[in-house]
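Asker: Quick one, query04.pdb (PDB, C-alpha atoms):
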```
ATOM      1  CA  MET A  20     -20.027  16.060   9.101
ATOM      2  CA  ARG A  21     -17.689  15.114   6.240
ATOM      3  CA  GLN A  22     -17.548  17.549   3.351
ATOM      4  CA  ARG A  23     -19.172  16.391   0.100
ATOM      5  CA  TYR A  24     -17.587  17.084  -3.271
ATOM      6  CA  ARG A  25     -19.026  17.402  -6.748
ATOM      7  CA  VAL A  26     -17.302  14.557  -8.564
ATOM      8  CA  GLN A  27     -17.945  13.493 -12.130
ATOM      9  CA  PHE A  28     -16.553  10.404 -13.819
ATOM     10  CA  PRO A  29     -15.967  10.788 -17.577
ATOM     11  CA  PRO A  30     -18.728   9.167 -19.680
ATOM     12  CA  HIS A  31     -16.195   7.385 -21.881
ATOM     13  CA  THR A  32     -12.841   6.250 -20.535
ATOM     14  CA  GLY A  33     -11.492   5.083 -23.901
ATOM     15  CA  GLY A  34      -9.783   2.060 -22.414
ATOM     16  CA  LEU A  35      -7.661   4.019 -19.951
ATOM     17  CA  SER A  36      -5.375   1.948 -17.752
ATOM     18  CA  GLN A  37      -5.698   2.142 -13.976
ATOM     19  CA  ASP A  38      -2.861   4.620 -13.623
ATOM     20  CA  GLU A  39      -4.331   6.824 -16.382
ATOM     21  CA  ALA A  40      -7.881   6.946 -14.989
ATOM     22  CA  PHE A  41      -9.162  10.336 -13.827
ATOM     23  CA  PHE A  42     -12.237  12.113 -12.533
ATOM     24  CA  ASN A  43     -13.460  15.696 -12.735
ATOM     25  CA  LEU A  44     -13.819  17.730  -9.573
ATOM     26  CA  LEU A  45     -16.158  20.722  -9.743
ATOM     27  CA  GLU A  46     -15.057  23.506  -7.407
ATOM     28  CA  GLY A  47     -17.119  26.662  -7.816
ATOM     29  CA  GLU A  48     -16.773  27.844 -11.409
ATOM     30  CA  ARG A  49     -13.783  25.664 -12.249
ATOM     31  CA  THR A  50     -13.454  22.030 -13.157
ATOM     32  CA  LEU A  51     -10.283  20.173 -12.191
ATOM     33  CA  ARG A  52      -9.195  16.992 -13.940
ATOM     34  CA  ILE A  53      -7.565  14.783 -11.291
ATOM     35  CA  ARG A  54      -5.882  11.469 -12.044
ATOM     36  CA  PHE A  55      -6.533   8.644  -9.600
ATOM     37  CA  HIS A  56      -2.825   8.712  -8.751
ATOM     38  CA  ASP A  57      -2.639  12.493  -8.239
ATOM     39  CA  TYR A  58      -2.542  11.849  -4.513
ATOM     40  CA  HIS A  59      -1.150  15.259  -3.598
ATOM     41  CA  GLU A  60      -4.294  16.882  -5.032
ATOM     42  CA  ILE A  61      -6.691  14.342  -3.520
ATOM     43  CA  TYR A  62      -5.204  14.352  -0.011
ATOM     44  CA  ARG A  63      -5.410  18.134   0.244
ATOM     45  CA  ARG A  64      -9.205  17.820   0.307
ATOM     46  CA  PRO A  65     -10.527  16.092   3.460
ATOM     47  CA  GLY A  66     -12.772  13.154   2.623
ATOM     48  CA  LEU A  67     -12.271  13.247  -1.152
ATOM     49  CA  TYR A  68     -10.282  10.004  -1.236
ATOM     50  CA  GLU A  69     -12.941   8.204   0.778
ATOM     51  CA  GLN A  70     -15.774   9.601  -1.343
ATOM     52  CA  VAL A  71     -14.201   8.527  -4.641
ATOM     53  CA  PHE A  72     -12.561   5.217  -3.767
ATOM     54  CA  TYR A  73     -14.524   3.811  -0.835
ATOM     55  CA  GLU A  74     -18.011   5.135  -1.485
ATOM     56  CA  ARG A  75     -18.198   5.346  -5.285
ATOM     57  CA  LEU A  76     -15.775   2.588  -6.268
ATOM     58  CA  LYS A  77     -16.309   0.294  -3.255
ATOM     59  CA  CYS A  78     -12.639  -0.328  -2.439
ATOM     60  CA  ASN A  79     -12.285  -2.903   0.337
ATOM     61  CA  SER A  80      -8.565  -3.696   0.296
ATOM     62  CA  PRO A  81      -7.719  -2.406   3.804
ATOM     63  CA  ASP A  82     -10.396  -4.710   5.218
ATOM     64  CA  VAL A  83      -9.214  -7.705   3.185
ATOM     65  CA  LEU A  84      -5.503  -7.210   3.920
ATOM     66  CA  SER A  85      -5.906  -6.537   7.633
ATOM     67  CA  GLU A  86      -8.151  -9.580   8.035
ATOM     68  CA  SER A  87      -5.799 -11.785   5.979
ATOM     69  CA  LEU A  88      -2.834 -10.705   8.085
ATOM     70  CA  ALA A  89      -4.745 -11.322  11.317
ATOM     71  CA  ARG A  90      -5.758 -14.830  10.248
ATOM     72  CA  ALA A  91      -2.231 -15.753   9.142
ATOM     73  CA  VAL A  92      -0.682 -14.507  12.386
ATOM     74  CA  GLN A  93      -3.303 -16.261  14.522
ATOM     75  CA  ALA A  94      -2.829 -19.498  12.584
ATOM     76  CA  GLU A  95       0.805 -19.422  13.700
ATOM     77  CA  GLY A  96      -0.175 -18.889  17.318
ATOM     78  CA  GLY A  97       0.535 -15.155  17.328
ATOM     79  CA  SER A  98      -1.523 -12.031  17.838
ATOM     80  CA  LEU A  99      -1.701  -8.693  16.050
ATOM     81  CA  SER A 100      -1.388  -7.030  19.453
ATOM     82  CA  GLN A 101       2.229  -8.193  19.487
ATOM     83  CA  LEU A 102       3.144  -6.688  16.104
ATOM     84  CA  ARG A 103       5.020  -3.499  15.281
ATOM     85  CA  VAL A 104       3.955  -2.663  11.732
ATOM     86  CA  LEU A 105       5.509  -0.436   9.091
ATOM     87  CA  ASP A 106       2.668   0.694   6.807
ATOM     88  CA  LEU A 107       4.414   1.564   3.543
ATOM     89  CA  GLY A 108       2.588   3.872   1.145
ATOM     90  CA  ALA A 109       0.292   4.681   4.038
ATOM     91  CA  GLY A 110      -1.503   7.564   2.340
ATOM     92  CA  ASN A 111      -4.089   9.173   4.579
ATOM     93  CA  GLY A 112      -4.188   6.214   6.940
ATOM     94  CA  ALA A 113      -6.964   3.828   5.863
ATOM     95  CA  MET A 114      -4.854   0.709   6.428
ATOM     96  CA  GLY A 115      -3.304   2.087   9.591
ATOM     97  CA  GLU A 116      -6.787   2.678  10.984
ATOM     98  CA  LYS A 117      -7.762  -0.960  10.332
ATOM     99  CA  LEU A 118      -4.572  -2.221  11.984
ATOM    100  CA  ALA A 119      -5.043   0.002  15.021
ATOM    101  CA  ALA A 120      -8.648  -1.176  15.351
ATOM    102  CA  ARG A 121      -7.373  -4.769  15.449
ATOM    103  CA  GLY A 122      -5.090  -3.894  18.350
ATOM    104  CA  VAL A 123      -1.690  -3.735  16.659
ATOM    105  CA  SER A 124       0.943  -2.717  19.195
ATOM    106  CA  ARG A 125       2.691  -0.042  17.106
ATOM    107  CA  VAL A 126       1.865   1.332  13.644
ATOM    108  CA  VAL A 127       4.474   3.408  11.815
ATOM    109  CA  GLY A 128       3.401   5.111   8.589
ATOM    110  CA  ALA A 129       5.545   6.004   5.603
ATOM    111  CA  ASP A 130       4.853   7.711   2.306
ATOM    112  CA  ILE A 131       6.831   9.582  -0.300
ATOM    113  CA  ILE A 132       4.731  12.763  -0.324
ATOM    114  CA  PRO A 133       4.189  15.181   2.581
ATOM    115  CA  GLU A 134       0.506  15.626   1.676
ATOM    116  CA  ALA A 135      -0.098  12.006   2.705
ATOM    117  CA  ARG A 136       1.332  12.541   6.172
ATOM    118  CA  GLU A 137      -0.584  15.791   6.589
ATOM    119  CA  ALA A 138      -3.829  14.060   5.577
ATOM    120  CA  ALA A 139      -3.257  11.110   7.918
ATOM    121  CA  LEU A 140      -2.569  13.350  10.902
ATOM    122  CA  ARG A 141      -5.569  15.511  10.000
ATOM    123  CA  ASP A 142      -8.106  12.771   9.198
ATOM    124  CA  ARG A 143      -6.964   9.971  11.510
ATOM    125  CA  PRO A 144      -5.099  11.531  14.424
ATOM    126  CA  GLY A 145      -3.550   9.060  16.826
ATOM    127  CA  VAL A 146      -3.516   6.117  14.407
ATOM    128  CA  TYR A 147       0.229   6.259  13.720
ATOM    129  CA  ASP A 148       2.906   6.281  16.385
ATOM    130  CA  GLU A 149       5.161   7.974  13.826
ATOM    131  CA  TYR A 150       4.844   8.871  10.156
ATOM    132  CA  TYR A 151       7.886   9.270   7.909
ATOM    133  CA  VAL A 152       8.030  11.080   4.582
ATOM    134  CA  GLY A 153      10.682   9.936   2.132
ATOM    135  CA  ASP A 154      11.809   7.354  -0.381
ATOM    136  CA  PHE A 155      13.030   4.272   1.487
ATOM    137  CA  ALA A 156      15.496   3.595  -1.330
ATOM    138  CA  GLN A 157      17.215   6.889  -0.521
ATOM    139  CA  LEU A 158      17.048   7.223   3.244
ATOM    140  CA  SER A 159      19.868   9.034   4.992
ATOM    141  CA  PRO A 160      21.783   7.174   7.728
ATOM    142  CA  THR A 161      19.882   9.216  10.322
ATOM    143  CA  GLN A 162      16.529   8.302   8.784
ATOM    144  CA  ARG A 163      17.430   4.611   8.565
ATOM    145  CA  GLU A 164      18.452   4.634  12.208
ATOM    146  CA  ALA A 165      15.152   6.256  13.204
ATOM    147  CA  VAL A 166      13.064   3.661  11.349
ATOM    148  CA  ALA A 167      15.212   0.770  12.583
ATOM    149  CA  ALA A 168      14.648   1.899  16.171
ATOM    150  CA  TRP A 169      11.021   0.758  15.918
ATOM    151  CA  HIS A 170      12.146  -2.876  15.429
ATOM    152  CA  VAL A 171       9.247  -3.585  13.084
ATOM    153  CA  ASP A 172       8.240  -7.198  12.586
ATOM    154  CA  ALA A 173       5.684  -6.600   9.830
ATOM    155  CA  VAL A 174       5.326  -4.500   6.688
ATOM    156  CA  THR A 175       1.995  -3.761   5.033
ATOM    157  CA  CYS A 176       1.432  -2.074   1.689
ATOM    158  CA  VAL A 177      -2.040  -1.534   0.250
ATOM    159  CA  ALA A 178      -2.857  -0.368  -3.294
ATOM    160  CA  ALA A 179       0.534   1.269  -3.761
ATOM    161  CA  LEU A 180       2.633  -1.344  -5.576
ATOM    162  CA  GLY A 181       3.207  -1.795  -9.268
ATOM    163  CA  PHE A 182       2.137   1.512 -10.785
ATOM    164  CA  GLY A 183       5.299   3.493 -10.130
ATOM    165  CA  ASP A 184       4.021   4.810  -6.783
ATOM    166  CA  ILE A 185       6.495   2.567  -4.963
ATOM    167  CA  PRO A 186       9.419   1.366  -7.115
ATOM    168  CA  PRO A 187      10.837  -2.149  -6.589
ATOM    169  CA  ALA A 188      13.956  -0.815  -4.845
ATOM    170  CA  THR A 189      11.843   1.129  -2.336
ATOM    171  CA  PHE A 190       9.749  -1.919  -1.455
ATOM    172  CA  PHE A 191      12.918  -4.023  -1.197
ATOM    173  CA  ARG A 192      14.520  -1.551   1.241
ATOM    174  CA  ALA A 193      11.383  -1.513   3.381
ATOM    175  CA  LEU A 194      11.544  -5.306   3.657
ATOM    176  CA  GLU A 195      15.048  -4.979   5.104
ATOM    177  CA  PHE A 196      13.586  -3.436   8.256
ATOM    178  CA  VAL A 197      11.474  -6.535   8.972
ATOM    179  CA  ALA A 198      13.060  -8.954  11.409
ATOM    180  CA  GLU A 199      13.555 -12.573  10.400
ATOM    181  CA  GLY A 200      10.297 -14.382  11.061
ATOM    182  CA  GLY A 201       8.382 -11.142  10.553
ATOM    183  CA  TRP A 202       5.339 -10.664   8.359
ATOM    184  CA  VAL A 203       4.767  -9.081   4.959
ATOM    185  CA  ALA A 204       1.251  -8.262   3.715
ATOM    186  CA  PHE A 205       0.446  -6.484   0.455
ATOM    187  CA  ASN A 206      -1.887  -6.512  -2.511
ATOM    188  CA  ILE A 207      -1.143  -6.430  -6.227
ATOM    189  CA  LYS A 208      -3.140  -6.292  -9.424
ATOM    190  CA  GLU A 209      -3.764  -9.847 -10.641
ATOM    191  CA  THR A 210      -1.814  -9.349 -13.893
ATOM    192  CA  PHE A 211       1.397  -8.637 -11.963
ATOM    193  CA  LEU A 212       1.741 -12.362 -11.242
ATOM    194  CA  ASP A 213       1.517 -13.192 -14.943
ATOM    195  CA  ARG A 214       4.876 -14.065 -16.481
ATOM    196  CA  SER A 215       3.950 -12.002 -19.535
ATOM    197  CA  ASP A 216       4.418  -8.913 -17.324
ATOM    198  CA  GLU A 217       8.112  -8.090 -17.478
ATOM    199  CA  SER A 218       8.018  -4.929 -15.389
ATOM    200  CA  GLY A 219      10.603  -4.683 -12.636
ATOM    201  CA  PHE A 220       8.009  -4.847  -9.892
ATOM    202  CA  SER A 221       6.305  -7.900 -11.360
ATOM    203  CA  ARG A 222       9.638  -9.730 -11.575
ATOM    204  CA  LEU A 223      10.503  -8.774  -7.998
ATOM    205  CA  ILE A 224       7.247 -10.187  -6.612
ATOM    206  CA  ARG A 225       7.511 -13.423  -8.583
ATOM    207  CA  GLU A 226      11.123 -13.926  -7.525
ATOM    208  CA  LEU A 227      10.244 -13.298  -3.875
ATOM    209  CA  ILE A 228       7.283 -15.683  -3.898
ATOM    210  CA  PHE A 229       9.413 -18.536  -5.212
ATOM    211  CA  SER A 230      12.537 -17.664  -3.236
ATOM    212  CA  GLU A 231      13.921 -19.102  -0.027
ATOM    213  CA  TYR A 232      13.468 -15.722   1.684
ATOM    214  CA  LEU A 233       9.673 -15.508   1.815
ATOM    215  CA  ASP A 234       7.251 -18.193   2.972
ATOM    216  CA  VAL A 235       3.771 -17.493   1.559
ATOM    217  CA  HIS A 236       1.002 -18.181   4.100
ATOM    218  CA  HIS A 237      -1.971 -16.694   2.292
ATOM    219  CA  LEU A 238      -2.732 -15.852  -1.346
ATOM    220  CA  GLN A 239      -6.245 -14.758  -2.242
ATOM    221  CA  ARG A 240      -7.794 -13.336  -5.391
ATOM    222  CA  TYR A 241     -10.498 -10.802  -4.531
ATOM    223  CA  ARG A 242     -12.294  -7.720  -5.843
ATOM    224  CA  HIS A 243     -10.144  -4.739  -4.978
ATOM    225  CA  ARG A 244     -12.684  -2.164  -6.193
ATOM    226  CA  LEU A 245     -14.892  -1.290  -9.151
ATOM    227  CA  SER A 246     -13.764   0.445 -12.300
ATOM    228  CA  MET A 247     -15.504   3.661 -13.327
ATOM    229  CA  GLU A 248     -17.676   1.504 -15.598
ATOM    230  CA  GLY A 249     -18.758  -0.564 -12.600
ATOM    231  CA  LEU A 250     -16.667  -3.621 -13.513
ATOM    232  CA  PRO A 251     -14.705  -5.508 -10.820
ATOM    233  CA  LEU A 252     -10.948  -5.006 -10.649
ATOM    234  CA  PHE A 253      -9.308  -8.089  -9.199
ATOM    235  CA  TYR A 254      -6.187  -8.113  -7.059
ATOM    236  CA  PHE A 255      -4.260 -10.690  -5.085
ATOM    237  CA  ALA A 256      -3.849 -10.320  -1.345
ATOM    238  CA  LEU A 257      -0.604 -11.904  -0.198
ATOM    239  CA  VAL A 258       0.597 -12.544   3.339
ATOM    240  CA  GLY A 259       3.988 -14.086   3.861
ATOM    241  CA  ARG A 260       6.681 -14.539   6.439
ATOM    242  CA  LYS A 261      10.243 -13.376   5.980
ATOM    243  CA  VAL A 262      12.226 -16.572   6.496
ATOM    244  CA  LYS A 263      15.634 -14.910   6.429
ATOM    245  CA  ASN A 264      17.295 -11.698   5.381
ATOM    246  CA  ILE A 265      17.277 -10.979   1.665
ATOM    247  CA  PRO A 266      20.789 -10.478   0.255
ATOM    248  CA  GLU A 267      21.881  -7.038  -0.887
ATOM    249  CA  ASP A 268      22.336  -8.112  -4.503
ATOM    250  CA  PHE A 269      18.851  -9.648  -4.831
ATOM    251  CA  LEU A 270      17.587  -6.890  -7.146
ATOM    252  CA  THR A 271      20.554  -7.073  -9.469
ATOM    253  CA  ARG A 272      20.439 -10.877  -9.590
ATOM    254  CA  CYS A 273      16.801 -10.568 -10.654
ATOM    255  CA  GLU A 274      17.849  -7.996 -13.253
ATOM    256  CA  ILE A 275      15.706  -5.340 -11.624
ATOM    257  CA  SER A 276      17.074  -1.825 -11.884
ATOM    258  CA  SER A 277      14.221   0.298 -10.550
TER     259      SER A 277
END
```
As C-alpha cells, how would this structure be written, given the file I've shared?

Answerer:
Amino acid sequence: MRQRYRVQFPPHTGGLSQDEAFFNLLEGERTLRIRFHDYHEIYRRPGLYEQVFYERLKCNSPDVLSESLARAVQAEGGSLSQLRVLDLGAGNGAMGEKLAARGVSRVVGADIIPEAREAALRDRPGVYDEYYVGDFAQLSPTQREAVAAWHVDAVTCVAALGFGDIPPATFFRALEFVAEGGWVAFNIKETFLDRSDESGFSRLIRELIFSEYLDVHHLQRYRHRLSMEGLPLFYFALVGRKVKNIPEDFLTRCEISS
C-alpha cells in the first residue's frame, strides 16, 4: 500500500507563479516547505509526487500526450510498437509508464538529477530500457555515443519545459538524436506560444513550429492540472514530425543563448 503524507497547501498563495508555488509537508514534529519544482526533495519520498500532482491537483498530461502521440502516429499508418522513444525530463517515470503500456518498443529515460532516476527505478521498475542522468547540452562524447546507439525516432517531454527545468539548448540537443521523420511530443504552458513572451524557450518553440524542420500534426489546448486554488491551468499538447535535421546554428539564429 502506498505511503500517505500529510500535505498542506498554503491558504493564500499571494499570486505565486507556477514555478514559485509550494506546499508544506508535515513529517513528525517538523514542517518542510517544498516548492513544486524541488524535485529532488519530492522524488526521495515514494508516492509524494503522485499524491500532490495526480491526486490533489488532477494532472493528466501523461495521458493526454501519450494518447495524442498514438493518434498522430496511427494517422500516418504507423504504430507505437515500432517506436524507440527518448523521454526527456522523465522524472519518476509517469510518462514512460504510459508509453510502455501502449506497447512502445523501447523507452529510454533522461533527467538532470539522480533522484529522478532513483525514483523511476524504485517506483516503476522495468519501464525504462535505460535511464541517463545528465544535461543533454553538456554530454561527453561517450555519453552522446551511448544515447545515439538507441537510434531513437521519438522524443517526449512532459511538464518539464519552459520553467528552467530544461533549458532551450538542452531540448535542442535532445532533438538532434531523433531521426529524420521521427516524432516529437511535448506540452507547454499556453502563454509560451504568446509573442509577448520573449523568454528563450518561448522563442525556440515558436521558431520550431513555423520552421521547415518540424511538421506539426497535432496541437491541442487542454487542462494540464488544477492550481492550488482549484482553477484550471491550461497547456498545449503538441505532436510534430521532424522533417529534417535542424542546423547547428539554429539557436544563435533565433537569438537564443540559454

Asker: Name the residues captured by the PyMOL selection byres ((chain A and resi 172) around 9) when it is applied to the shown file; answer as a ChimeraX atom specification.

Answerer: /A:102-105,170-171,173-174,196-203

Asker: Between A:Leu51, A:Leu76, A:Ala204, A:Ala135, which is the closest to A:Leu250 once you count all atoms listed in the file?

Answerer: A:Leu76

Asker: Under the rule that all atoms listed in the file are counted, which of A:Ala119, A:Leu88, A:Val127, A:Ile132 is the nearest residue to A:Asp57?

Answerer: A:Ile132

Asker: Box time for stretch 188-195 of chain A: axis-aligned, enclosing all its listed atoms, 6 Å extra on each side; report centre and edge lengths in Å to one decimal, as JSON.

Answerer:
```
{"center_x": 12.4, "center_y": -2.1, "center_z": 0.1, "size_x": 17.3, "size_y": 18.4, "size_z": 21.9}
```

Asker: Translate the PyMOL selection byres ((chain A and resi 259) around 7) into a concrete residue list for this structure, as a PyMOL selection string.

Answerer: chain A and resi 202-204+233-237+257-258+260-261

Asker: Please evaluate the PyMOL selection byres ((chain A and resi 146-158) around 10) against the displayed coordinates and give the resulting residues as a PyMOL selection string.

Answerer: chain A and resi 104-109+112-120+124-137+139-140+142-145+159-166+169+185-194+277

Asker: Point out the residue among A:Ala138, A:Leu245, A:Ala179, A:Leu252 with the least atom-to-atom distance to A:Glu60, counting all atoms listed in the file.

Answerer: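 Between A:Ala138, A:Leu245, A:Ala179, A:Leu252, the residue approaching A:Glu60 most closely is A:Ala138.
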
Asker: Using atom CA of A:Glu248 and atom CA of A:Val26 as the two end points, give the distance in Å to one decimal.

Answerer: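 Answer for the atom CA of A:Glu248 to atom CA of A:Val26 separation: 14.8 Å.
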
Asker: Considering all atoms listed in the file, state which residue in the set A:Asn206, A:Gln70, A:Ser230, A:Gln27 is at the smallest distance from A:Ile53.

Answerer: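 Nearest to A:Ile53: A:Gln27.
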
Asker: Kindly give the distance, in Å, that separates atom CA of A:Glu195 and atom CA of A:Gln93, rounded to a single decimal.

Answerer: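 Atom-to-atom, atom CA of A:Glu195 to atom CA of A:Gln93, that is 23.5 Å.
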
Asker: Can you work out which one of A:Arg244, A:Ala178, A:Arg90, A:Arg49 has the shortest atom-to-atom distance to A:Glu74, counting only C-alpha atoms?

Answerer: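 Closest to A:Glu74 of all the choices is A:Arg244.
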
Asker: Using Å and a single decimal, report how far atom CA of A:Leu238 sits from atom CA of A:Phe205.

Answerer: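 Taking atom CA of A:Phe205 and atom CA of A:Leu238, their separation equals 10.1 Å.
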
Asker: Counting all atoms listed in the file, which residue out of A:Arg54, A:Tyr62, A:Tyr232, A:Val71 sits closest to A:Tyr24?

Answerer: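 Once distances to A:Tyr24 are computed over all atoms listed in the file, the minimum belongs to A:Val71.
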
Asker: Within 7 Å of (16.4, -18.4, 6.6), in the coordinates the file gives, what residues turn up when you count only C-alpha atoms, written out as a PyMOL selection string?

Answerer: chain A and resi 232+262-264
